[in-house]
Amino acid sequence: MTATLRNHDPALDEFAREVGSEGAVSIAGNRTRWDVGGPLDPDTRVLSAPTGIVEYIPEEMIVTVRAGTSVEELHRTLAERGQWTALPERGGTVGGAVAVGQNDFRRPARGDVRSAVLQVRYVSAEGTLITGGGPTVKNVSGFDLPRLITGSLGTLGCIAEVILRTNPIPATTRWLSSTNADPFAIHAALLQPGPILWDGTTTLVMLFGHEVAVAADIDRLRSLGTFDDCAAPSAPTGHRWSVPPAALSDVAALNTGAFVAEIGVGIVHAEQPQSRPPLDAGALLIHERMKAEFDPTARLNPGRTVGVR
Amino acid sequence: MSLLDRFRDRVGSGSATSGDPLVDDLRAVLSPDRVKTDGAQRSLLGKDASVFDGGSAGPICYPISTNEVVDIMQVAQRHDRAVVPRGAGTGLAGGAIPLGAPIVVAVTKMRSIGEIDEANGVAWVEPGVINLDLTRHLTPLGYHFAPDPSSQQVCTIGGNVANNSGGPHCLAYGVTNSHVAAIEIVTPSGDVVMLGGLDPEPDGYDLRGIFIGSEGTLGIATKVAVRLTKNRPAVRTLLLSFASVRDAANTVSDVIAAGIVPAAMEVMDQRITEAVENYVGAGYPTNAAAVLLAEVDGPEEGIDIDADRIAEIGRANNATMVRVAADNTERALLWKGRKTAFGAVAQIAPDYYLHDTVVPRSALADVLDEIYAIADRHDLLIMNVFHAGDGNLHPLIVFDGRDEGVLERVHAAGGEIIEASLAAGGVLSGEHGIGVEKQKYMDRLFSDADLDHQNRLRRAFDPVCRANPGKILPMGHSCADIQQLRSVPTGVWG
Ligand SMILES: Cc1cc2nc3c(=O)[nH]c(=O)nc-3n(C[C@H](O)[C@H](O)[C@H](O)COP(=O)(O)OP(=O)(O)OC[C@H]3O[C@@H](n4cnc5c(N)ncnc54)[C@H](O)[C@@H]3O)c2cc1C
């Protein structure tokens with residue numbers, strides 16, 4: 001038994017006792033994405049997850065953090081050692097960010113949430129503390145419970161603690177804006193483009209890396225249009241669309257209304273909601289079985305369905 | 001191996017004849033020449049590249065389309081027989097070893113590379129496509145498939161997906177899971193399901209993510225959308241030598257601690273370096289206790305900042321030599337040396353057992369000391385060549401299986417290596433998987449309740465243990481034991 005994996009943490013035991021094994025239960029973070037997945041059934045007990053950074057090992061690029069900790073606090077601590085994680089900075093908690101599984105709009109420079117969760121500890125519908133994954137950056141020891149739990153919206157287990165991969169903050173980041181450059185050409189021209197945001201008229205692009213590399217990227221961009229330095233934008237808001245990146249070349253056809261598109265990624269933040277086809281029958285069957293296996297009495301986050309935006 | 005013995009006892013070693021209704025049904029849905037039942041094939045496909053034997057293949061099917069895989073799955077259902085997906089059989093944990101005379105579904109004839117969808121950054125390929133063939137196909141278009149296992153000349157994309165395979169260049173770019181957008185699978189119930197998608201946040205649970213690394217136990221991958229990675233305009237390959245393995249290991253963890261994530265950081269100890277030099281003459285120094293091959297890539301501008309920094313950190317850790325590959329020829333030769341390391345040991349002894357554990361990078365040096373001590377205690381030769389950057393150890397035990405009692409010592413030493421890795425805060429496998437090799441260690445890492453949850457995940461895909469039973473989960477969990485296969489056939493196969 002490894003020390004890291006089985007560290008006994010009374011705070012997690014207490015959380016497991018609170019969740020218990022009976023009655024509808026839901027975990028609230030900072031309620032920044034509270035409506036994702038549909039309205040919670042009334043009469044559901046709403047709890048908070050334990051808080052605090054348990055262990056941060058910058059030289060291993062991992063951090064163990066309890067789910068109720070805010071992403072802001074986590075990233076403040078990591079920044080002191082020049083690191084960050086893929087979790088979105090939108091005012092939420094670590095557990096909420098993992099449960100929702102949506103990426104930060106700066107994903108191209110930060111990585112995706114699903115790859116960032118190395119180990120998860122959650123309280124099962126039976127009230128038992130379960131550990132999946134492990135504390136190392138590379139691991140194929142058994143079935144991948146961290147990937148299952150990430151994005152499962154608290155419908156399979158109540159996230160208590162995670163070990164996250166951290167990444168070095170690039171030496172330089174610079175945001176530029178342009179009103180006459182083709183955002184798709186920008187994406188094609190750069191070897192490792194950072195986030196590229198486009199609202200139909202203006203393109204914002206973040207360049208990152210060594211200062212000389214950023215300067216060289218700026219030179220490359222000059223042939224595509226005029227670019228001015230600009231402030232880092234805040235996270236776009238609106239209904240969240242997920243489309244194949246190629247579909248962005250004809251955004252008008254999507255009927256999004258006003259939009260901000262993440263070029264090369266395929267997320268669109270839009271005025272109108274996205275209507276998505278239901279899962280096909282085979283996938284639905286696996287989903288239903290998964291839910292029944294992990295939460296046979298349907299007590300975890302009742303009312304919420306994964307995939308409802 | 002006790003587990004395999006149990007399977008062997010149960011099914012015996014039948015010989016196939018036509019007239020067996022299972023074989024007839026399979027031949028009716030595939031063309032007869034793509035259902036093999038001869039002893040030679042079945043004995044060949046009873047093994048993989050691991051040291052485990054005792055597998056026994058039932059009929060071997062070579063489908064050429066998704067529909068044929070569905071047909072096979074339906075026949076399997078009618079006859080209540082297990083199926084084992086198989087790629088090139090290079091797995092090292094026994095994942096493709098058939099237990100209980102199942103239908104072996106070898107996807108090696110499904111090897112076409114389909115649409116290259118640059119606008120979406122993916123290529124659609126069949127599971128039997130060989131890893132290196134894919135990269136060769138993509139290179140002229142300006143792309144490659146990032147995971148580059150040392151076995152890439154033979155292993156398949158389906159096998160890479162099933163084992164979540166890595167390779168030297170996965171340090172910065174991530175293992176297979178980061179390079180697959182979508183997978184079409186045939187589920188154990190015979191449904192064709194698309195997992196994941198080309199959009200970044202597909203609806204539902206991350207079934208794509210959990211299928212990757214599931215070692216053929218959740219269904220058969222029949223089509224894969226692999227991500228295209230742009231080729232790097234600039235590369236610097238550094239070769240550093242050290243008078244001790246510890247200095248090399250410390251360099252690796254200091255590089256990461258300095259906030260540099262190189263494309264690759266690989267270490268070879270002196271014994272393996274000697275073997276490599278004798279085999280391919282790649283230009284490695286044979287008088288160093290360890291060599292570190294570090295590579296950085298990216299745009300030309302700024303690349304030397306990281307390369308210089310790595311050299312500096314190496315020197316601070318007493319590097320006796322730091323050399324930068326002068327050109328692509330020298331670089332290619334160094335990598336050839338690294339990637340043929342396992343072939344090279346065949347020159348030393350006929351058999352090897354390649355281990356695979358992961359430890360925290362800062363524990364590398366201590367765990368390696370322990371591994372050499374284990375070798376001494378068991379009077380075995382152990383060489384180390386490993387993905388140092390992510391702490392992924394590959395101790396290689398070299399032996400001659402004809403020596404009396406040597407296998408017992410090899411397995412005892414292997415067990416101690418695993419224990420030493422776990423004690424250092426590590427995990428059982430970084431890229432080879434659990435298969436049949438490490439099932440019995442799963443409860444060292446996970447509680448019964450943890451394993452029960454892994455089992456639930458599996459059951460959601462495969463409630464009847466149709467796909468690759470007997471793998472990953474230890475005895476006592478469903479699908480781990482052939483006794484729980486609902487019906488083990490008697491008669492010609494058993
Ligand atoms: C010399 C040598 C070097 C190696 N180096 C590396 C390395 O650097 N990194 C690394 O990660 N691995 C390495 N390996 C291990 C091995 O090559 C990889 O695990 C590889 O991905 C296996 O591919 P395969 O086609 O041979 O799969 P197989 O061995 O045929 O099968 C492996 C597993 O995948 C399942 N499977 C195969 N195809 C499918 C499919 N279509 N659908 C569902 N399941 C399927 C099988 O059931 C089995 O469980 C090495 C092996 C050797 C012999």
# chains A, B, ... in the order shown; residues from 1 in each chain; ligands from 1
call {"tool": "residues_near_ligand", "arguments": {"ligand": "ligand 1", "cutoff": "6 Å", "atoms": "only C-alpha atoms and all ligand atoms", "output": "PyMOL selection string"}}
result
chain B and resi 48-49+84-92+95-96+107+127+149-151+155-156+158-160+162-163+165-167+215-216+219-222+342+431-432
call {"tool": "interface_residues", "arguments": {"of": "chain B", "to": "chain A", "cutoff": "6 Å", "atoms": "only C-alpha atoms", "output": "ChimeraX atom specification"}}
result
/B:119-120,191,193,198-199,201,203-206,209-210,257,259,301-302,422-423,425,428-431,433,444-445,450,454,456,460-461
call {"tool": "write_last_selection", "arguments": {"atoms": "C-alpha atoms", "output": "JSON list (two decimals), in the first residue's frame"}}
result
[["chain", "number", "residue", "atom", "x", "y", "z"],
["B", 119, "ALA", "CA", -9.80, 20.63, -40.83],
["B", 120, "ASN", "CA", -10.73, 18.57, -37.78],
["B", 191, "ASP", "CA", -23.83, -2.98, -30.99],
["B", 193, "VAL", "CA", -21.13, 2.47, -30.89],
["B", 198, "LEU", "CA", -14.69, 15.12, -33.30],
["B", 199, "ASP", "CA", -16.20, 17.86, -31.19],
["B", 201, "GLU", "CA", -16.82, 17.95, -25.41],
["B", 203, "ASP", "CA", -22.17, 14.41, -24.48],
["B", 204, "GLY", "CA", -22.34, 11.79, -21.80],
["B", 205, "TYR", "CA", -19.79, 9.94, -19.73],
["B", 206, "ASP", "CA", -16.28, 9.82, -21.19],
["B", 209, "GLY", "CA", -11.52, 7.90, -22.27],
["B", 210, "ILE", "CA", -12.31, 4.74, -20.32],
["B", 257, "ALA", "CA", 11.68, 20.64, -11.47],
["B", 259, "GLY", "CA", 9.84, 23.71, -15.42],
["B", 301, "GLU", "CA", 13.34, 30.23, -32.06],
["B", 302, "GLY", "CA", 14.00, 29.55, -28.42],
["B", 422, "LEU", "CA", 4.84, 0.65, -4.83],
["B", 423, "ALA", "CA", 6.75, 1.38, -1.63],
["B", 425, "GLY", "CA", 4.69, 5.75, -4.06],
["B", 428, "LEU", "CA", 1.86, -1.09, -11.19],
["B", 429, "SER", "CA", 2.13, -0.17, -14.85],
["B", 430, "GLY", "CA", 2.90, 2.86, -16.94],
["B", 431, "GLU", "CA", 2.09, 1.48, -20.35],
["B", 433, "GLY", "CA", -1.14, -2.76, -18.65],
["B", 444, "ARG", "CA", -1.71, -3.93, -3.28],
["B", 445, "LEU", "CA", -2.78, -0.70, -4.95],
["B", 450, "ASP", "CA", -12.01, 0.23, -5.32],
["B", 454, "GLN", "CA", -13.59, -0.93, -11.55],
["B", 456, "ARG", "CA", -18.85, -2.08, -12.19],
["B", 460, "ALA", "CA", -21.62, -1.57, -17.78],
["B", 461, "PHE", "CA", -20.01, -2.49, -21.07]]
call {"tool": "select_by_dssp", "arguments": {"residues": "segment 18-267 of chain A", "states": "strand (DSSP E or B)", "output": "MDAnalysis selection string"}}
result
chainID A and resid 25:27 45:47 53:57 62:66 70 83:84 93 117:123 129:133 158:165 167:168 172:178 196:198 203:209 228:229 239:242 259:262 267
call {"tool": "residues_around", "arguments": {"residues": "segment 402-412 of chain B", "least_positions_apart": "6", "cutoff": "12 Å", "atoms": "only C-alpha atoms", "output": "JSON, numbers by chain"}}
result
{"B": [1, 51, 52, 349, 350, 351, 352, 353, 354, 355, 374, 375, 376, 377, 378, 379, 380, 381, 382, 395, 396, 418, 419, 437, 438]}
call {"tool": "write_last_selection", "arguments": {"atoms": "N, CA, C and O atoms", "output": "short mmCIF file (atom, residue, chain, number, x, y, z; two decimals), in the first residue's frame"}}
result
data_model
loop_
_atom_site.label_atom_id
_atom_site.label_comp_id
_atom_site.auth_asym_id
_atom_site.auth_seq_id
_atom_site.Cartn_x
_atom_site.Cartn_y
_atom_site.Cartn_z
N MET B 1 2.24 -20.09 -13.83
CA MET B 1 1.28 -19.04 -13.47
C MET B 1 -0.02 -19.69 -13.02
O MET B 1 -0.68 -20.38 -13.79
N VAL B 51 6.09 -13.23 -21.09
CA VAL B 51 6.68 -14.53 -20.74
C VAL B 51 5.60 -15.55 -20.36
O VAL B 51 5.92 -16.65 -19.96
N PHE B 52 4.34 -15.17 -20.48
CA PHE B 52 3.28 -16.06 -19.99
C PHE B 52 2.84 -17.02 -21.07
O PHE B 52 2.64 -16.63 -22.22
N ALA B 349 21.33 -13.08 -24.03
CA ALA B 349 20.68 -14.27 -23.50
C ALA B 349 19.39 -14.46 -24.28
O ALA B 349 18.84 -13.49 -24.81
N PRO B 350 18.92 -15.69 -24.38
CA PRO B 350 17.76 -15.94 -25.24
C PRO B 350 16.45 -15.37 -24.73
O PRO B 350 15.54 -15.11 -25.52
N ASP B 351 16.31 -15.19 -23.42
CA ASP B 351 15.02 -14.77 -22.89
C ASP B 351 15.12 -13.46 -22.12
O ASP B 351 16.16 -13.17 -21.53
N TYR B 352 14.04 -12.69 -22.14
CA TYR B 352 14.01 -11.54 -21.25
C TYR B 352 12.61 -11.33 -20.73
O TYR B 352 11.63 -11.78 -21.32
N TYR B 353 12.56 -10.70 -19.57
CA TYR B 353 11.28 -10.32 -18.99
C TYR B 353 11.37 -8.81 -18.74
O TYR B 353 12.15 -8.36 -17.94
N LEU B 354 10.55 -8.08 -19.49
CA LEU B 354 10.58 -6.63 -19.42
C LEU B 354 9.51 -6.15 -18.45
O LEU B 354 8.33 -6.38 -18.67
N HIS B 355 9.94 -5.49 -17.40
CA HIS B 355 8.99 -4.98 -16.41
C HIS B 355 8.58 -3.55 -16.72
O HIS B 355 9.18 -2.90 -17.57
N ILE B 374 18.19 -6.11 -5.88
CA ILE B 374 17.30 -7.26 -6.07
C ILE B 374 17.95 -8.24 -7.06
O ILE B 374 17.97 -9.46 -6.84
N ALA B 375 18.52 -7.70 -8.12
CA ALA B 375 19.18 -8.56 -9.11
C ALA B 375 20.29 -9.35 -8.46
O ALA B 375 20.42 -10.57 -8.67
N ASP B 376 21.10 -8.67 -7.66
CA ASP B 376 22.20 -9.36 -7.00
C ASP B 376 21.69 -10.47 -6.10
O ASP B 376 22.20 -11.58 -6.12
N ARG B 377 20.67 -10.15 -5.34
CA ARG B 377 20.12 -11.15 -4.41
C ARG B 377 19.66 -12.39 -5.14
O ARG B 377 19.75 -13.49 -4.63
N HIS B 378 19.12 -12.22 -6.33
CA HIS B 378 18.58 -13.37 -7.05
C HIS B 378 19.53 -13.88 -8.11
O HIS B 378 19.16 -14.71 -8.94
N ASP B 379 20.75 -13.34 -8.10
CA ASP B 379 21.76 -13.79 -9.04
C ASP B 379 21.25 -13.68 -10.48
O ASP B 379 21.33 -14.62 -11.26
N LEU B 380 20.70 -12.53 -10.79
CA LEU B 380 20.16 -12.30 -12.14
C LEU B 380 20.81 -11.08 -12.76
O LEU B 380 21.33 -10.21 -12.05
N LEU B 381 20.75 -11.03 -14.07
CA LEU B 381 21.26 -9.87 -14.79
C LEU B 381 20.07 -8.95 -15.09
O LEU B 381 19.11 -9.34 -15.76
N ILE B 382 20.12 -7.73 -14.56
CA ILE B 382 19.05 -6.77 -14.85
C ILE B 382 19.65 -5.54 -15.52
O ILE B 382 20.67 -5.03 -15.09
N PRO B 395 12.75 -2.20 -15.97
CA PRO B 395 13.83 -3.13 -15.66
C PRO B 395 13.70 -4.38 -16.55
O PRO B 395 12.61 -4.92 -16.70
N LEU B 396 14.80 -4.77 -17.12
CA LEU B 396 14.81 -5.86 -18.09
C LEU B 396 15.64 -7.00 -17.50
O LEU B 396 16.85 -6.85 -17.32
N ILE B 418 8.23 -4.83 -8.20
CA ILE B 418 6.91 -4.20 -8.07
C ILE B 418 6.73 -3.64 -6.66
O ILE B 418 6.31 -2.50 -6.48
N GLU B 419 7.10 -4.46 -5.67
CA GLU B 419 6.96 -4.00 -4.28
C GLU B 419 7.79 -2.73 -4.04
O GLU B 419 7.33 -1.80 -3.39
N GLU B 437 -0.51 -10.40 -16.11
CA GLU B 437 0.77 -10.29 -15.42
C GLU B 437 0.63 -9.76 -14.00
O GLU B 437 1.27 -10.26 -13.08
N LYS B 438 -0.18 -8.74 -13.83
CA LYS B 438 -0.14 -8.03 -12.54
C LYS B 438 -1.46 -8.07 -11.79
O LYS B 438 -1.63 -7.33 -10.82
#
call {"tool": "atom_distance", "arguments": {"atom1": "atom CA of Ile434 of chain B", "atom2": "atom CA of Asp390 of chain B"}}
result
18.6 Å
call {"tool": "atom_distance", "arguments": {"atom1": "atom CA of Leu204 of chain A", "atom2": "atom CA of Arg220 of chain A"}}
result
15.4 Å
call {"tool": "residues_around", "arguments": {"residues": "segment 270-275 of chain A", "least_positions_apart": "6", "cutoff": "8 Å", "atoms": "only C-alpha atoms", "output": "short mmCIF file (atom, residue, chain, number, x, y, z; two decimals) with C-alpha atoms, in the first residue's frame"}}
result
data_model
loop_
_atom_site.label_atom_id
_atom_site.label_comp_id
_atom_site.auth_asym_id
_atom_site.auth_seq_id
_atom_site.Cartn_x
_atom_site.Cartn_y
_atom_site.Cartn_z
CA THR A 237 -20.15 33.59 -21.53
CA GLY A 238 -23.33 32.30 -23.13
CA HIS A 239 -24.63 28.90 -24.13
CA ARG A 240 -21.87 26.39 -24.63
CA TRP A 241 -21.72 24.59 -27.97
CA ASN A 255 -27.64 29.47 -35.94
CA THR A 256 -25.81 30.38 -32.79
CA GLY A 257 -26.84 34.04 -32.69
CA ALA A 258 -24.05 36.26 -31.39
CA PHE A 259 -21.05 34.06 -30.67
CA VAL A 260 -17.46 33.69 -29.59
#
call {"tool": "select_by_dssp", "arguments": {"residues": "segment 313-464 of chain B", "states": "alpha helix (DSSP H)", "output": "compact mmCIF listing (two decimals) with N, CA and C atoms, in the first residue's frame"}}
result
# COMPACT_ATOMS: atom_id res chain seq x y z
N ILE B 313 22.02 21.65 -16.46
CA ILE B 313 21.56 20.84 -15.33
C ILE B 313 22.33 19.52 -15.29
N GLY B 314 22.59 18.96 -16.46
CA GLY B 314 23.38 17.73 -16.54
C GLY B 314 24.77 17.94 -15.95
N ARG B 315 25.41 19.04 -16.35
CA ARG B 315 26.76 19.30 -15.84
C ARG B 315 26.75 19.50 -14.33
N ALA B 316 25.70 20.18 -13.85
CA ALA B 316 25.59 20.38 -12.40
C ALA B 316 25.44 19.05 -11.67
N ASN B 328 20.45 15.15 -38.57
CA ASN B 328 19.38 14.16 -38.50
C ASN B 328 19.89 12.74 -38.53
N THR B 329 20.99 12.51 -39.24
CA THR B 329 21.54 11.15 -39.32
C THR B 329 21.99 10.69 -37.93
N GLU B 330 22.70 11.57 -37.26
CA GLU B 330 23.18 11.19 -35.93
C GLU B 330 22.00 11.00 -34.97
N ARG B 331 21.02 11.89 -35.08
CA ARG B 331 19.84 11.78 -34.23
C ARG B 331 19.11 10.46 -34.48
N ALA B 332 18.92 10.15 -35.76
CA ALA B 332 18.20 8.93 -36.11
C ALA B 332 18.93 7.70 -35.58
N LEU B 333 20.25 7.75 -35.64
CA LEU B 333 21.04 6.62 -35.18
C LEU B 333 20.90 6.44 -33.66
N LEU B 334 20.93 7.55 -32.95
CA LEU B 334 20.78 7.47 -31.49
C LEU B 334 19.42 6.87 -31.14
N TRP B 335 18.39 7.31 -31.85
CA TRP B 335 17.05 6.78 -31.56
C TRP B 335 16.94 5.32 -31.97
N LYS B 336 17.59 4.99 -33.06
CA LYS B 336 17.56 3.58 -33.47
C LYS B 336 18.16 2.72 -32.36
N GLY B 337 19.25 3.20 -31.81
CA GLY B 337 19.88 2.48 -30.70
C GLY B 337 18.91 2.31 -29.54
N ARG B 338 18.26 3.40 -29.16
CA ARG B 338 17.33 3.34 -28.04
C ARG B 338 16.18 2.38 -28.34
N LYS B 339 15.66 2.46 -29.54
CA LYS B 339 14.45 1.68 -29.83
C LYS B 339 14.74 0.21 -30.12
N ALA B 341 16.82 -1.47 -28.26
CA ALA B 341 17.45 -1.98 -27.03
C ALA B 341 16.98 -3.40 -26.71
N PHE B 342 15.69 -3.65 -26.93
CA PHE B 342 15.19 -4.98 -26.54
C PHE B 342 15.65 -6.05 -27.52
N GLY B 343 15.80 -5.66 -28.77
CA GLY B 343 16.35 -6.60 -29.74
C GLY B 343 17.80 -6.89 -29.41
N ALA B 344 18.49 -5.87 -28.93
CA ALA B 344 19.92 -6.02 -28.66
C ALA B 344 20.19 -7.05 -27.57
N LEU B 364 13.41 7.97 -8.49
CA LEU B 364 14.05 7.12 -9.51
C LEU B 364 15.38 6.53 -9.02
N ALA B 365 16.26 7.39 -8.52
CA ALA B 365 17.60 6.94 -8.17
C ALA B 365 17.55 5.88 -7.07
N ASP B 366 16.73 6.10 -6.04
CA ASP B 366 16.65 5.13 -4.95
C ASP B 366 16.06 3.81 -5.42
N VAL B 367 15.01 3.89 -6.22
CA VAL B 367 14.38 2.64 -6.66
C VAL B 367 15.34 1.86 -7.58
N LEU B 368 16.09 2.57 -8.39
CA LEU B 368 17.06 1.87 -9.25
C LEU B 368 18.12 1.17 -8.41
N ASP B 369 18.62 1.83 -7.37
CA ASP B 369 19.57 1.16 -6.46
C ASP B 369 18.97 -0.13 -5.95
N GLU B 370 17.73 -0.04 -5.53
CA GLU B 370 17.03 -1.19 -4.98
C GLU B 370 16.91 -2.30 -6.04
N ILE B 371 16.64 -1.91 -7.27
CA ILE B 371 16.48 -2.91 -8.34
C ILE B 371 17.79 -3.65 -8.60
N TYR B 372 18.91 -2.91 -8.59
CA TYR B 372 20.19 -3.61 -8.77
C TYR B 372 20.47 -4.56 -7.60
N ALA B 373 20.07 -4.15 -6.39
CA ALA B 373 20.27 -5.01 -5.23
C ALA B 373 19.41 -6.28 -5.36
N ILE B 374 18.19 -6.11 -5.88
CA ILE B 374 17.30 -7.26 -6.07
C ILE B 374 17.95 -8.24 -7.06
N ALA B 375 18.52 -7.70 -8.12
CA ALA B 375 19.18 -8.56 -9.11
C ALA B 375 20.29 -9.35 -8.46
N ASP B 376 21.10 -8.67 -7.66
CA ASP B 376 22.20 -9.36 -7.00
C ASP B 376 21.69 -10.47 -6.10
N ARG B 377 20.67 -10.15 -5.34
CA ARG B 377 20.12 -11.15 -4.41
C ARG B 377 19.66 -12.39 -5.14
N VAL B 406 15.52 -20.99 -13.04
CA VAL B 406 15.73 -19.56 -13.30
C VAL B 406 14.40 -18.80 -13.33
N LEU B 407 13.35 -19.44 -13.85
CA LEU B 407 12.06 -18.75 -13.95
C LEU B 407 11.52 -18.35 -12.58
N GLU B 408 11.72 -19.23 -11.60
CA GLU B 408 11.27 -18.90 -10.25
C GLU B 408 11.99 -17.65 -9.76
N ARG B 409 13.29 -17.61 -10.02
CA ARG B 409 14.06 -16.44 -9.56
C ARG B 409 13.61 -15.18 -10.31
N VAL B 410 13.35 -15.35 -11.60
CA VAL B 410 12.91 -14.20 -12.41
C VAL B 410 11.60 -13.64 -11.85
N HIS B 411 10.67 -14.54 -11.54
CA HIS B 411 9.38 -14.07 -11.03
C HIS B 411 9.51 -13.48 -9.62
N ALA B 412 10.37 -14.10 -8.80
CA ALA B 412 10.56 -13.57 -7.45
C ALA B 412 11.15 -12.16 -7.53
N ALA B 413 12.14 -11.99 -8.39
CA ALA B 413 12.76 -10.67 -8.53
C ALA B 413 11.74 -9.67 -9.06
N GLY B 414 10.92 -10.11 -10.02
CA GLY B 414 9.88 -9.24 -10.58
C GLY B 414 8.93 -8.76 -9.50
N GLY B 415 8.53 -9.68 -8.63
CA GLY B 415 7.63 -9.32 -7.53
C GLY B 415 8.26 -8.26 -6.64
N GLU B 416 9.56 -8.44 -6.38
CA GLU B 416 10.23 -7.48 -5.49
C GLU B 416 10.38 -6.11 -6.16
N ILE B 417 10.56 -6.11 -7.46
CA ILE B 417 10.65 -4.83 -8.18
C ILE B 417 9.32 -4.08 -8.05
N ILE B 418 8.23 -4.83 -8.20
CA ILE B 418 6.91 -4.20 -8.07
C ILE B 418 6.73 -3.64 -6.66
N GLU B 419 7.10 -4.46 -5.67
CA GLU B 419 6.96 -4.00 -4.28
C GLU B 419 7.79 -2.73 -4.04
N ALA B 420 9.01 -2.73 -4.56
CA ALA B 420 9.88 -1.57 -4.35
C ALA B 420 9.27 -0.32 -5.00
N SER B 421 8.66 -0.50 -6.15
CA SER B 421 8.06 0.64 -6.84
C SER B 421 6.85 1.16 -6.08
N LEU B 422 6.02 0.23 -5.59
CA LEU B 422 4.84 0.65 -4.83
C LEU B 422 5.27 1.35 -3.54
N ALA B 423 6.30 0.80 -2.90
CA ALA B 423 6.75 1.38 -1.63
C ALA B 423 7.23 2.82 -1.83
N MET B 442 -2.99 -6.18 -7.96
CA MET B 442 -3.96 -5.07 -7.98
C MET B 442 -4.43 -4.72 -6.57
N ASP B 443 -4.53 -5.73 -5.69
CA ASP B 443 -5.03 -5.39 -4.36
C ASP B 443 -3.94 -4.78 -3.47
N ARG B 444 -2.73 -4.68 -4.00
CA ARG B 444 -1.71 -3.93 -3.28
C ARG B 444 -1.91 -2.42 -3.50
N LEU B 445 -2.58 -2.10 -4.58
CA LEU B 445 -2.78 -0.70 -4.95
C LEU B 445 -4.20 -0.23 -4.61
N ASP B 448 -10.66 -3.59 -1.89
CA ASP B 448 -11.72 -4.40 -2.49
C ASP B 448 -12.82 -3.52 -3.07
N ALA B 449 -13.16 -2.48 -2.32
CA ALA B 449 -14.23 -1.58 -2.78
C ALA B 449 -13.80 -0.85 -4.05
N ASP B 450 -12.52 -0.44 -4.11
CA ASP B 450 -12.01 0.23 -5.32
C ASP B 450 -12.14 -0.72 -6.52
N LEU B 451 -11.71 -1.96 -6.30
CA LEU B 451 -11.74 -2.93 -7.40
C LEU B 451 -13.17 -3.25 -7.81
N ASP B 452 -14.05 -3.26 -6.81
CA ASP B 452 -15.46 -3.49 -7.11
C ASP B 452 -15.98 -2.39 -8.05
N HIS B 453 -15.54 -1.16 -7.83
CA HIS B 453 -15.98 -0.07 -8.72
C HIS B 453 -15.39 -0.21 -10.12
N GLN B 454 -14.15 -0.68 -10.21
CA GLN B 454 -13.59 -0.93 -11.55
C GLN B 454 -14.40 -2.01 -12.26
N ASN B 455 -14.82 -2.98 -11.45
CA ASN B 455 -15.61 -4.07 -12.00
C ASN B 455 -16.98 -3.58 -12.49
N ARG B 456 -17.55 -2.63 -11.77
CA ARG B 456 -18.85 -2.08 -12.19
C ARG B 456 -18.70 -1.39 -13.54
N LEU B 457 -17.59 -0.66 -13.69
CA LEU B 457 -17.34 0.02 -14.96
C LEU B 457 -17.31 -1.02 -16.08
N ARG B 458 -16.60 -2.09 -15.81
CA ARG B 458 -16.49 -3.13 -16.83
C ARG B 458 -17.86 -3.73 -17.15
N ARG B 459 -18.63 -4.00 -16.09
CA ARG B 459 -19.94 -4.64 -16.31
C ARG B 459 -20.88 -3.77 -17.11
N ALA B 460 -20.74 -2.45 -17.01
CA ALA B 460 -21.62 -1.57 -17.78
C ALA B 460 -21.45 -1.80 -19.28
N PHE B 461 -20.25 -2.15 -19.67
CA PHE B 461 -20.01 -2.49 -21.07
C PHE B 461 -20.31 -3.95 -21.37
call {"tool": "residues_around", "arguments": {"residues": "segment 472-474 of chain B", "least_positions_apart": "6", "cutoff": "6 Å", "atoms": "only C-alpha atoms", "output": "JSON, numbers by chain"}}
result
{"B": [434, 435, 439, 440, 480]}
call {"tool": "closest_residue", "arguments": {"among": "B:His394, B:Arg78, B:Arg236, B:Arg323", "to": "Asp306 of chain B", "atoms": "only C-alpha atoms"}}
result
B:Arg236
call {"tool": "closest_residue", "arguments": {"among": "B:Val129, B:Leu26, B:Val154, B:Val385", "to": "Val104 of chain B", "atoms": "only C-alpha atoms"}}
result
B:Leu26
call {"tool": "residues_around", "arguments": {"residues": "Ser48 of chain A", "least_positions_apart": "4", "cutoff": "12 Å", "atoms": "only C-alpha atoms", "output": "list in words"}}
result
Ala11, Leu12, Glu14, Phe15, Ala16, Glu18, Val19, Val25, Ser26, Ile27, Ala28, Gly29, Asn30, Arg31, Arg66, Ala67, Gly68, Thr69, Ser70, Thr93, Val94, Gly95, Gly96, Cys158, Ile159 and Ala160 of chain A
call {"tool": "residues_around", "arguments": {"residues": "Pro63 of chain B", "least_positions_apart": "6", "cutoff": "12 Å", "atoms": "only C-alpha atoms", "output": "ChimeraX atom specification"}}
result
/B:26-27,29-36,69-73,85-87,103-111,126-128,220,222
